[in-house]
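Structure data follow from model_31.cif (mmCIF, C-alpha atoms and all ligand atoms):
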data_data
#
loop_
_atom_site.group_PDB
_atom_site.id
_atom_site.type_symbol
_atom_site.label_atom_id
_atom_site.label_comp_id
_atom_site.auth_asym_id
_atom_site.auth_seq_id
_atom_site.Cartn_x
_atom_site.Cartn_y
_atom_site.Cartn_z
ATOM 1 C CA MET A 1 0.000 0.000 0.000
ATOM 2 C CA TYR A 2 1.534 3.328 -1.034
ATOM 3 C CA PHE A 3 0.646 6.847 0.107
ATOM 4 C CA LEU A 4 1.019 9.901 -2.093
ATOM 5 C CA ILE A 5 0.408 13.106 -0.209
ATOM 6 C CA ALA A 6 0.074 16.396 -2.030
ATOM 7 C CA ASN A 7 1.216 19.434 -0.065
ATOM 8 C CA TRP A 8 -0.169 22.378 -2.005
ATOM 9 C CA LYS A 9 1.489 24.813 0.433
ATOM 10 C CA MET A 10 0.146 28.369 -0.151
ATOM 11 C CA TYR A 11 -0.997 27.645 -3.713
ATOM 12 C CA PRO A 12 -2.992 28.313 -5.827
ATOM 13 C CA SER A 13 -3.838 31.991 -5.412
ATOM 14 C CA THR A 14 -7.629 31.938 -5.907
ATOM 15 C CA GLN A 15 -10.605 29.780 -5.034
ATOM 16 C CA LYS A 16 -11.369 29.357 -8.720
ATOM 17 C CA LYS A 17 -7.881 28.060 -9.479
ATOM 18 C CA ALA A 18 -8.063 25.703 -6.478
ATOM 19 C CA GLU A 19 -11.356 24.250 -7.724
ATOM 20 C CA SER A 20 -9.841 23.717 -11.124
ATOM 21 C CA LEU A 21 -6.678 22.105 -9.724
ATOM 22 C CA LEU A 22 -8.717 19.699 -7.604
ATOM 23 C CA LYS A 23 -10.977 18.864 -10.522
ATOM 24 C CA LYS A 24 -8.085 18.209 -12.888
ATOM 25 C CA THR A 25 -6.216 16.118 -10.322
ATOM 26 C CA THR A 26 -9.318 14.069 -9.499
ATOM 27 C CA ALA A 27 -9.992 13.452 -13.201
ATOM 28 C CA LYS A 28 -6.392 12.419 -13.878
ATOM 29 C CA ILE A 29 -6.261 9.849 -11.100
ATOM 30 C CA LYS A 30 -9.755 8.454 -11.436
ATOM 31 C CA GLY A 31 -8.417 5.124 -12.684
ATOM 32 C CA ILE A 32 -6.264 4.370 -9.647
ATOM 33 C CA ASP A 33 -7.078 1.391 -7.484
ATOM 34 C CA PRO A 34 -7.846 2.461 -3.879
ATOM 35 C CA GLN A 35 -6.877 -1.028 -2.690
ATOM 36 C CA LYS A 36 -3.301 -0.392 -3.783
ATOM 37 C CA GLY A 37 -2.740 3.069 -2.401
ATOM 38 C CA LYS A 38 -4.058 6.309 -1.021
ATOM 39 C CA VAL A 39 -3.871 9.754 -2.531
ATOM 40 C CA ILE A 40 -4.252 12.548 -0.015
ATOM 41 C CA ILE A 41 -4.498 16.236 -0.880
ATOM 42 C CA CYS A 42 -3.559 18.914 1.649
ATOM 43 C CA PRO A 43 -4.781 22.251 0.303
ATOM 44 C CA PRO A 44 -4.710 25.575 2.187
ATOM 45 C CA PHE A 45 -7.408 25.723 4.912
ATOM 46 C CA VAL A 46 -9.720 28.002 2.929
ATOM 47 C CA TYR A 47 -9.981 25.496 0.086
ATOM 48 C CA LEU A 48 -10.815 22.491 2.262
ATOM 49 C CA GLN A 49 -14.501 23.029 1.575
ATOM 50 C CA ASN A 50 -13.966 22.463 -2.156
ATOM 51 C CA TYR A 51 -13.550 18.797 -1.439
ATOM 52 C CA ILE A 52 -16.003 16.369 -2.995
ATOM 53 C CA PRO A 53 -15.856 12.791 -1.655
ATOM 54 C CA SER A 54 -13.822 10.815 -4.168
ATOM 55 C CA LYS A 55 -10.799 8.547 -4.320
ATOM 56 C CA ILE A 56 -8.810 11.429 -2.915
ATOM 57 C CA GLU A 57 -8.669 11.905 0.842
ATOM 58 C CA LEU A 58 -8.262 15.223 2.554
ATOM 59 C CA GLY A 59 -5.476 16.566 4.743
ATOM 60 C CA ALA A 60 -4.592 19.948 6.241
ATOM 61 C CA GLN A 61 -1.191 21.632 6.427
ATOM 62 C CA ASN A 62 -1.277 22.520 10.109
ATOM 63 C CA CYS A 63 -3.594 22.737 13.104
ATOM 64 C CA PHE A 64 -3.630 24.238 16.577
ATOM 65 C CA TRP A 65 -3.256 22.250 19.802
ATOM 66 C CA LYS A 66 -6.569 23.232 21.416
ATOM 67 C CA GLU A 67 -10.101 22.280 20.403
ATOM 68 C CA GLU A 68 -11.433 25.846 20.708
ATOM 69 C CA GLY A 69 -10.745 29.077 22.528
ATOM 70 C CA ALA A 70 -9.456 32.618 22.254
ATOM 71 C CA PHE A 71 -6.650 31.889 19.780
ATOM 72 C CA THR A 72 -7.088 34.431 17.003
ATOM 73 C CA GLY A 73 -6.196 33.100 13.590
ATOM 74 C CA GLU A 74 -5.858 29.439 14.546
ATOM 75 C CA ILE A 75 -7.718 26.385 13.240
ATOM 76 C CA SER A 76 -8.485 23.489 15.568
ATOM 77 C CA PRO A 77 -8.463 19.758 14.890
ATOM 78 C CA SER A 78 -12.197 19.518 15.609
ATOM 79 C CA MET A 79 -12.846 22.148 12.927
ATOM 80 C CA LEU A 80 -10.787 20.086 10.508
ATOM 81 C CA LYS A 81 -12.615 16.936 11.466
ATOM 82 C CA SER A 82 -15.952 18.581 10.726
ATOM 83 C CA LEU A 83 -14.689 19.157 7.159
ATOM 84 C CA SER A 84 -13.790 15.470 6.608
ATOM 85 C CA VAL A 85 -10.072 16.071 7.101
ATOM 86 C CA LYS A 86 -8.340 12.798 7.967
ATOM 87 C CA TYR A 87 -4.656 13.847 7.964
ATOM 88 C CA VAL A 88 -2.644 16.846 9.060
ATOM 89 C CA ILE A 89 0.926 17.845 8.202
ATOM 90 C CA LEU A 90 2.709 18.931 11.392
ATOM 91 C CA GLY A 91 6.135 20.426 11.982
ATOM 92 C CA HIS A 92 6.866 21.084 8.314
ATOM 93 C CA SER A 93 10.273 22.762 7.996
ATOM 94 C CA GLU A 94 8.639 25.891 6.579
ATOM 95 C CA ARG A 95 6.538 26.194 9.743
ATOM 96 C CA ARG A 96 9.583 25.582 11.925
ATOM 97 C CA LYS A 97 11.567 28.196 9.990
ATOM 98 C CA TYR A 98 9.110 31.003 9.243
ATOM 99 C CA PHE A 99 6.693 30.600 12.158
ATOM 100 C CA LYS A 100 9.258 29.506 14.744
ATOM 101 C CA GLU A 101 7.361 26.347 15.639
ATOM 102 C CA GLN A 102 9.136 24.524 18.421
ATOM 103 C CA SER A 103 9.131 20.851 19.330
ATOM 104 C CA GLU A 104 6.885 21.522 22.315
ATOM 105 C CA ASP A 105 4.194 22.988 20.020
ATOM 106 C CA ILE A 106 4.578 20.113 17.597
ATOM 107 C CA THR A 107 4.223 17.461 20.342
ATOM 108 C CA LYS A 108 1.013 19.079 21.544
ATOM 109 C CA LYS A 109 -0.307 19.204 17.998
ATOM 110 C CA VAL A 110 0.527 15.544 17.387
ATOM 111 C CA LYS A 111 -1.335 14.559 20.536
ATOM 112 C CA VAL A 112 -4.444 16.582 19.842
ATOM 113 C CA ALA A 113 -4.617 15.373 16.238
ATOM 114 C CA LEU A 114 -4.424 11.754 17.392
ATOM 115 C CA LYS A 115 -7.099 12.424 20.004
ATOM 116 C CA ASN A 116 -9.346 13.648 17.192
ATOM 117 C CA ASN A 117 -8.566 10.629 15.012
ATOM 118 C CA ILE A 118 -6.705 12.780 12.518
ATOM 119 C CA THR A 119 -3.506 11.117 11.351
ATOM 120 C CA PRO A 120 -0.472 13.387 11.901
ATOM 121 C CA ILE A 121 2.136 13.598 9.162
ATOM 122 C CA LEU A 122 5.129 14.626 11.237
ATOM 123 C CA CYS A 123 7.922 16.204 9.178
ATOM 124 C CA ILE A 124 11.537 15.864 10.187
ATOM 125 C CA GLY A 125 14.766 16.596 8.330
ATOM 126 C CA GLU A 126 18.199 18.153 8.467
ATOM 127 C CA THR A 127 19.491 21.403 6.991
ATOM 128 C CA LYS A 128 22.333 21.563 4.478
ATOM 129 C CA GLN A 129 24.778 22.666 7.189
ATOM 130 C CA GLU A 130 23.723 19.882 9.570
ATOM 131 C CA ARG A 131 24.200 17.338 6.798
ATOM 132 C CA GLU A 132 27.631 18.718 5.904
ATOM 133 C CA LYS A 133 28.708 18.563 9.539
ATOM 134 C CA GLY A 134 27.621 14.908 9.694
ATOM 135 C CA ASP A 135 24.856 15.701 12.198
ATOM 136 C CA THR A 136 21.887 14.243 10.295
ATOM 137 C CA GLY A 137 21.417 11.312 12.691
ATOM 138 C CA GLU A 138 21.511 13.510 15.790
ATOM 139 C CA VAL A 139 19.030 15.962 14.290
ATOM 140 C CA LEU A 140 16.548 13.263 13.265
ATOM 141 C CA LYS A 141 16.868 11.535 16.620
ATOM 142 C CA LYS A 142 16.206 14.762 18.522
ATOM 143 C CA GLN A 143 13.245 15.764 16.360
ATOM 144 C CA LEU A 144 11.636 12.337 16.705
ATOM 145 C CA LYS A 145 12.221 12.097 20.420
ATOM 146 C CA GLU A 146 10.946 15.579 21.184
ATOM 147 C CA SER A 147 7.871 15.384 18.978
ATOM 148 C CA LEU A 148 6.779 11.881 19.895
ATOM 149 C CA GLU A 149 7.628 11.703 23.545
ATOM 150 C CA ASP A 150 4.906 10.809 25.924
ATOM 151 C CA LEU A 151 2.525 9.299 23.419
ATOM 152 C CA ALA A 152 1.898 6.306 25.665
ATOM 153 C CA GLY A 153 -1.793 5.562 25.960
ATOM 154 C CA THR A 154 -2.674 7.078 22.603
ATOM 155 C CA ASN A 155 -3.271 5.241 19.386
ATOM 156 C CA LYS A 156 -0.170 5.824 17.312
ATOM 157 C CA THR A 157 -1.402 5.828 13.767
ATOM 158 C CA LEU A 158 0.915 8.339 12.220
ATOM 159 C CA PHE A 159 3.172 9.176 9.325
ATOM 160 C CA ILE A 160 6.734 10.393 9.562
ATOM 161 C CA ALA A 161 7.853 12.384 6.525
ATOM 162 C CA TYR A 162 11.617 12.430 6.158
ATOM 163 C CA GLU A 163 12.211 15.689 4.315
ATOM 164 C CA PRO A 164 15.843 16.803 4.047
ATOM 165 C CA ILE A 165 15.407 20.572 4.185
ATOM 166 C CA TRP A 166 18.084 21.163 1.565
ATOM 167 C CA ALA A 167 16.147 18.996 -0.887
ATOM 168 C CA ILE A 168 12.783 20.745 -0.485
ATOM 169 C CA GLY A 169 11.838 22.872 -3.485
ATOM 170 C CA SER A 170 15.406 22.740 -4.782
ATOM 171 C CA GLY A 171 15.069 20.293 -7.651
ATOM 172 C CA ASN A 172 17.993 18.561 -5.937
ATOM 173 C CA ASN A 173 16.471 15.461 -4.369
ATOM 174 C CA CYS A 174 18.263 13.344 -1.777
ATOM 175 C CA SER A 175 19.713 10.264 -3.452
ATOM 176 C CA PRO A 176 17.570 7.184 -2.773
ATOM 177 C CA ASP A 177 20.606 5.484 -1.171
ATOM 178 C CA GLU A 178 21.192 8.290 1.301
ATOM 179 C CA ALA A 179 17.443 8.527 1.972
ATOM 180 C CA MET A 180 17.342 4.767 2.561
ATOM 181 C CA SER A 181 20.082 4.866 5.163
ATOM 182 C CA ASN A 182 18.216 7.662 6.971
ATOM 183 C CA LEU A 183 15.004 5.634 6.691
ATOM 184 C CA ILE A 184 16.684 2.696 8.435
ATOM 185 C CA PHE A 185 17.961 5.059 11.124
ATOM 186 C CA ILE A 186 14.464 6.536 11.615
ATOM 187 C CA ARG A 187 12.949 3.059 11.963
ATOM 188 C CA LYS A 188 15.489 2.192 14.653
ATOM 189 C CA GLN A 189 14.775 5.380 16.558
ATOM 190 C CA LEU A 190 11.025 4.774 16.379
ATOM 191 C CA SER A 191 11.358 1.286 17.740
ATOM 192 C CA LYS A 192 13.493 2.641 20.611
ATOM 193 C CA ILE A 193 11.023 5.426 21.397
ATOM 194 C CA PHE A 194 7.965 3.227 21.266
ATOM 195 C CA ASN A 195 9.405 0.182 22.967
ATOM 196 C CA GLN A 196 10.141 2.371 25.940
ATOM 197 C CA GLN A 197 6.484 3.293 26.018
ATOM 198 C CA SER A 198 3.756 0.816 26.832
ATOM 199 C CA GLN A 199 3.472 -2.207 24.615
ATOM 200 C CA GLY A 200 0.442 -3.706 22.978
ATOM 201 C CA GLU A 201 -1.184 -0.454 21.905
ATOM 202 C CA LYS A 202 -2.593 -0.080 18.449
ATOM 203 C CA SER A 203 0.132 1.461 16.385
ATOM 204 C CA SER A 204 0.827 1.957 12.712
ATOM 205 C CA ILE A 205 3.662 4.168 11.548
ATOM 206 C CA LYS A 206 4.374 4.817 7.892
ATOM 207 C CA ILE A 207 7.482 6.588 6.683
ATOM 208 C CA LEU A 208 7.441 8.902 3.674
ATOM 209 C CA TYR A 209 10.114 10.734 1.724
ATOM 210 C CA GLY A 210 9.719 14.381 0.697
ATOM 211 C CA GLY A 211 11.986 16.864 -1.066
ATOM 212 C CA SER A 212 11.889 17.378 -4.848
ATOM 213 C CA ALA A 213 10.053 14.103 -5.375
ATOM 214 C CA ASP A 214 8.664 13.734 -8.898
ATOM 215 C CA SER A 215 7.887 11.068 -11.473
ATOM 216 C CA SER A 216 11.585 10.536 -12.243
ATOM 217 C CA ASN A 217 12.407 9.365 -8.707
ATOM 218 C CA THR A 218 9.099 7.966 -7.325
ATOM 219 C CA LYS A 219 10.017 4.376 -8.106
ATOM 220 C CA SER A 220 13.443 4.618 -6.456
ATOM 221 C CA TYR A 221 12.076 5.886 -3.137
ATOM 222 C CA LEU A 222 9.430 3.180 -3.019
ATOM 223 C CA GLU A 223 12.057 0.573 -3.850
ATOM 224 C CA ALA A 224 14.239 2.006 -1.082
ATOM 225 C CA GLY A 225 11.472 1.079 1.359
ATOM 226 C CA PHE A 226 9.513 4.293 1.855
ATOM 227 C CA ASP A 227 5.754 3.847 2.209
ATOM 228 C CA GLY A 228 5.107 6.854 0.032
ATOM 229 C CA LEU A 229 5.929 10.458 -0.746
ATOM 230 C CA LEU A 230 5.085 13.932 0.486
ATOM 231 C CA VAL A 231 4.986 15.967 -2.686
ATOM 232 C CA GLY A 232 5.163 19.751 -2.983
ATOM 233 C CA SER A 233 5.653 21.375 -6.380
ATOM 234 C CA ALA A 234 4.931 18.262 -8.469
ATOM 235 C CA SER A 235 1.513 18.007 -6.801
ATOM 236 C CA LEU A 236 0.500 21.309 -8.399
ATOM 237 C CA GLN A 237 0.840 19.736 -11.838
ATOM 238 C CA PRO A 238 -1.997 17.212 -12.270
ATOM 239 C CA ALA A 239 -0.302 15.370 -15.160
ATOM 240 C CA GLU A 240 2.957 14.946 -13.246
ATOM 241 C CA PHE A 241 1.234 14.041 -9.989
ATOM 242 C CA SER A 242 -0.978 11.440 -11.648
ATOM 243 C CA LYS A 243 2.112 9.982 -13.328
ATOM 244 C CA MET A 244 3.618 9.544 -9.858
ATOM 245 C CA CYS A 245 0.415 7.837 -8.668
ATOM 246 C CA LYS A 246 0.541 5.437 -11.610
ATOM 247 C CA ILE A 247 4.199 4.592 -11.002
ATOM 248 C CA ALA A 248 3.450 4.001 -7.305
ATOM 249 C CA GLU A 249 0.517 1.771 -8.215
ATOM 250 C CA GLN A 250 2.692 -0.300 -10.544
ATOM 251 C CA ASN A 251 5.136 -0.807 -7.686
ATOM 252 C CA ALA A 252 2.500 -1.553 -5.045
HETATM 253 P P1 LIG B 301 8.855 19.792 -2.873
HETATM 254 O O1 LIG B 301 8.203 20.052 -1.414
HETATM 255 O O2 LIG B 301 8.279 18.508 -3.391
HETATM 256 O O3 LIG B 301 8.434 20.985 -3.687
HETATM 257 O O4 LIG B 301 10.324 19.723 -2.668
HETATM 258 C C1 LIG B 301 8.019 19.003 -0.502
HETATM 259 C C2 LIG B 301 7.498 19.522 0.805
HETATM 260 O O5 LIG B 301 7.875 20.633 1.229
HETATM 261 O O6 LIG B 301 6.686 18.852 1.462
#

Here is the file; what I need is its structure written in the form of structure tokens.
Amino acid sequence: MYFLIANWKMYPSTQKKAESLLKKTTAKIKGIDPQKGKVIICPPFVYLQNYIPSKIELGAQNCFWKEEGAFTGEISPSMLKSLSVKYVILGHSERRKYFKEQSEDITKKVKVALKNNITPILCIGETKQEREKGDTGEVLKKQLKESLEDLAGTNKTLFIAYEPIWAIGSGNNCSPDEAMSNLIFIRKQLSKIFNQQSQGEKSSIKILYGGSADSSNTKSYLEAGFDGLLVGSASLQPAEFSKMCKIAEQNA
């Protein structure tokens, strides 16, 4: 089972264009087999209402850590749930960088999403400098530990998106070999974190790759062992995105 998650970021610029993008994407992927994979679209909040139940599932790009309250400008997980949102991207590097999101915010968001039965897509990844200094492992370990600590007692259905920051939006994707060795490292860290917490709870963790993923490298990441991809710019091009879905389906 593969997962292709479209992160539209802050695109497109009008409601009309968003409707058209969703329509074109839905039409292009109408032939895909839902038994083999899931396609999830994460549009900006204001376009979530455009969604028409289809083979595509709906995700959001962020949410707040409270159900309601005096938090001007925020969107809560219960609001998302009422719009059929099933997934939420949390801790994306752009949110960490431009909105100064800290691990403690991200942990709270992960918890409240899980409580609302919304699957978190937790993003982790190293910067160019951290990679060059050989600190990738330390960075990933810290991000995982801080964001997932204290999840004992909750159902742990979640996605981890490994997104090397230097690869995002650069056209310079991380080589599948390097991504694979980081995937193995992430798996080890997850088993350490969760084995220390109580056993026997329902838990399903999928690991995705993100960072300049497109139809030319989809197959390699799936072959490297990733469960799917978190796709930015290629998801804004329905023909390219549907090509990725078809490649993933052939490899499922
Ligand atoms: P990209 O973005 O595919 O444009 O590199 C991925 C992401 O930021 O999730």

Test item: residues at most 9 Å from Ser233 of chain A, all atoms listed in the file, excluding those fewer than 3 positions along its chain, as a ChimeraX atom specification
/A:6-9,169,212-214,236-237

Closest of A:Ser13, A:Gly137, A:Pro43, A:Val112 to Glu68 of chain A, counting only C-alpha atoms, is A:Val112

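The space separating atom CA of Ser78 of chain A from atom CA of Gln61 of chain A comes to 14.5 Å.
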
Quick one: residues within 9 Å of Leu151 of chain A, all atoms listed in the file counted, chain neighbours fewer than 5 positions away excluded, as a VMD selection string?
chain A and resid 107 110 to 111 156 194 197

Return as number ranges by chain the set of residues that the PyMOL selection byres (((not hetatm)) within 10 of (chain B and resi 301)) yields on the displayed structure.
A: 5-9, 61, 89, 92-94, 123, 161-173, 209-214, 229-236

Counting all atoms listed in the file, which of A:Ser147, A:Val85, A:Phe71, A:Met79 gets nearest to Pro53 of chain A?
A:Val85

Could you write segment 222-236 of chain A of the block just shown to a file containing N, CA, C and O atoms, as a CSV table (one decimal), in the first residue's frame?
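Result file result.csv:
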chain,number,residue,atom,x,y,z
A,222,LEU,N,10.3,4.3,-3.5
A,222,LEU,CA,9.4,3.2,-3.0
A,222,LEU,C,10.3,1.9,-2.9
A,222,LEU,O,10.2,1.1,-2.0
A,223,GLU,N,11.2,1.8,-3.9
A,223,GLU,CA,12.1,0.6,-3.8
A,223,GLU,C,13.0,0.6,-2.7
A,223,GLU,O,13.4,-0.4,-2.1
A,224,ALA,N,13.3,1.9,-2.2
A,224,ALA,CA,14.2,2.0,-1.1
A,224,ALA,C,13.5,1.7,0.2
A,224,ALA,O,14.2,1.6,1.3
A,225,GLY,N,12.2,1.5,0.2
A,225,GLY,CA,11.5,1.1,1.4
A,225,GLY,C,10.5,2.1,1.9
A,225,GLY,O,9.9,1.8,3.0
A,226,PHE,N,10.5,3.3,1.3
A,226,PHE,CA,9.5,4.3,1.9
A,226,PHE,C,8.1,3.8,1.5
A,226,PHE,O,7.8,3.2,0.5
A,227,ASP,N,7.2,4.2,2.4
A,227,ASP,CA,5.8,3.8,2.2
A,227,ASP,C,5.1,4.8,1.3
A,227,ASP,O,3.9,4.6,0.9
A,228,GLY,N,5.7,5.9,0.9
A,228,GLY,CA,5.1,6.9,0.0
A,228,GLY,C,5.9,8.1,0.0
A,228,GLY,O,7.0,8.2,0.5
A,229,LEU,N,5.2,9.2,-0.5
A,229,LEU,CA,5.9,10.5,-0.7
A,229,LEU,C,5.1,11.6,-0.3
A,229,LEU,O,3.8,11.6,-0.4
A,230,LEU,N,5.7,12.7,0.2
A,230,LEU,CA,5.1,13.9,0.5
A,230,LEU,C,5.6,14.9,-0.6
A,230,LEU,O,6.8,15.1,-0.8
A,231,VAL,N,4.6,15.3,-1.4
A,231,VAL,CA,5.0,16.0,-2.7
A,231,VAL,C,4.6,17.4,-2.7
A,231,VAL,O,3.4,17.7,-2.5
A,232,GLY,N,5.5,18.3,-2.9
A,232,GLY,CA,5.2,19.8,-3.0
A,232,GLY,C,4.9,20.2,-4.4
A,232,GLY,O,3.8,19.9,-5.0
A,233,SER,N,5.9,20.8,-5.1
A,233,SER,CA,5.7,21.4,-6.4
A,233,SER,C,5.1,20.4,-7.4
A,233,SER,O,4.2,20.9,-8.2
A,234,ALA,N,5.5,19.2,-7.4
A,234,ALA,CA,4.9,18.3,-8.5
A,234,ALA,C,3.4,18.0,-8.3
A,234,ALA,O,2.7,17.6,-9.2
A,235,SER,N,2.9,18.3,-7.0
A,235,SER,CA,1.5,18.0,-6.8
A,235,SER,C,0.6,19.1,-7.4
A,235,SER,O,-0.6,19.0,-7.4
A,236,LEU,N,1.3,20.2,-7.8
A,236,LEU,CA,0.5,21.3,-8.4
A,236,LEU,C,0.4,21.1,-9.9
A,236,LEU,O,-0.2,22.0,-10.6
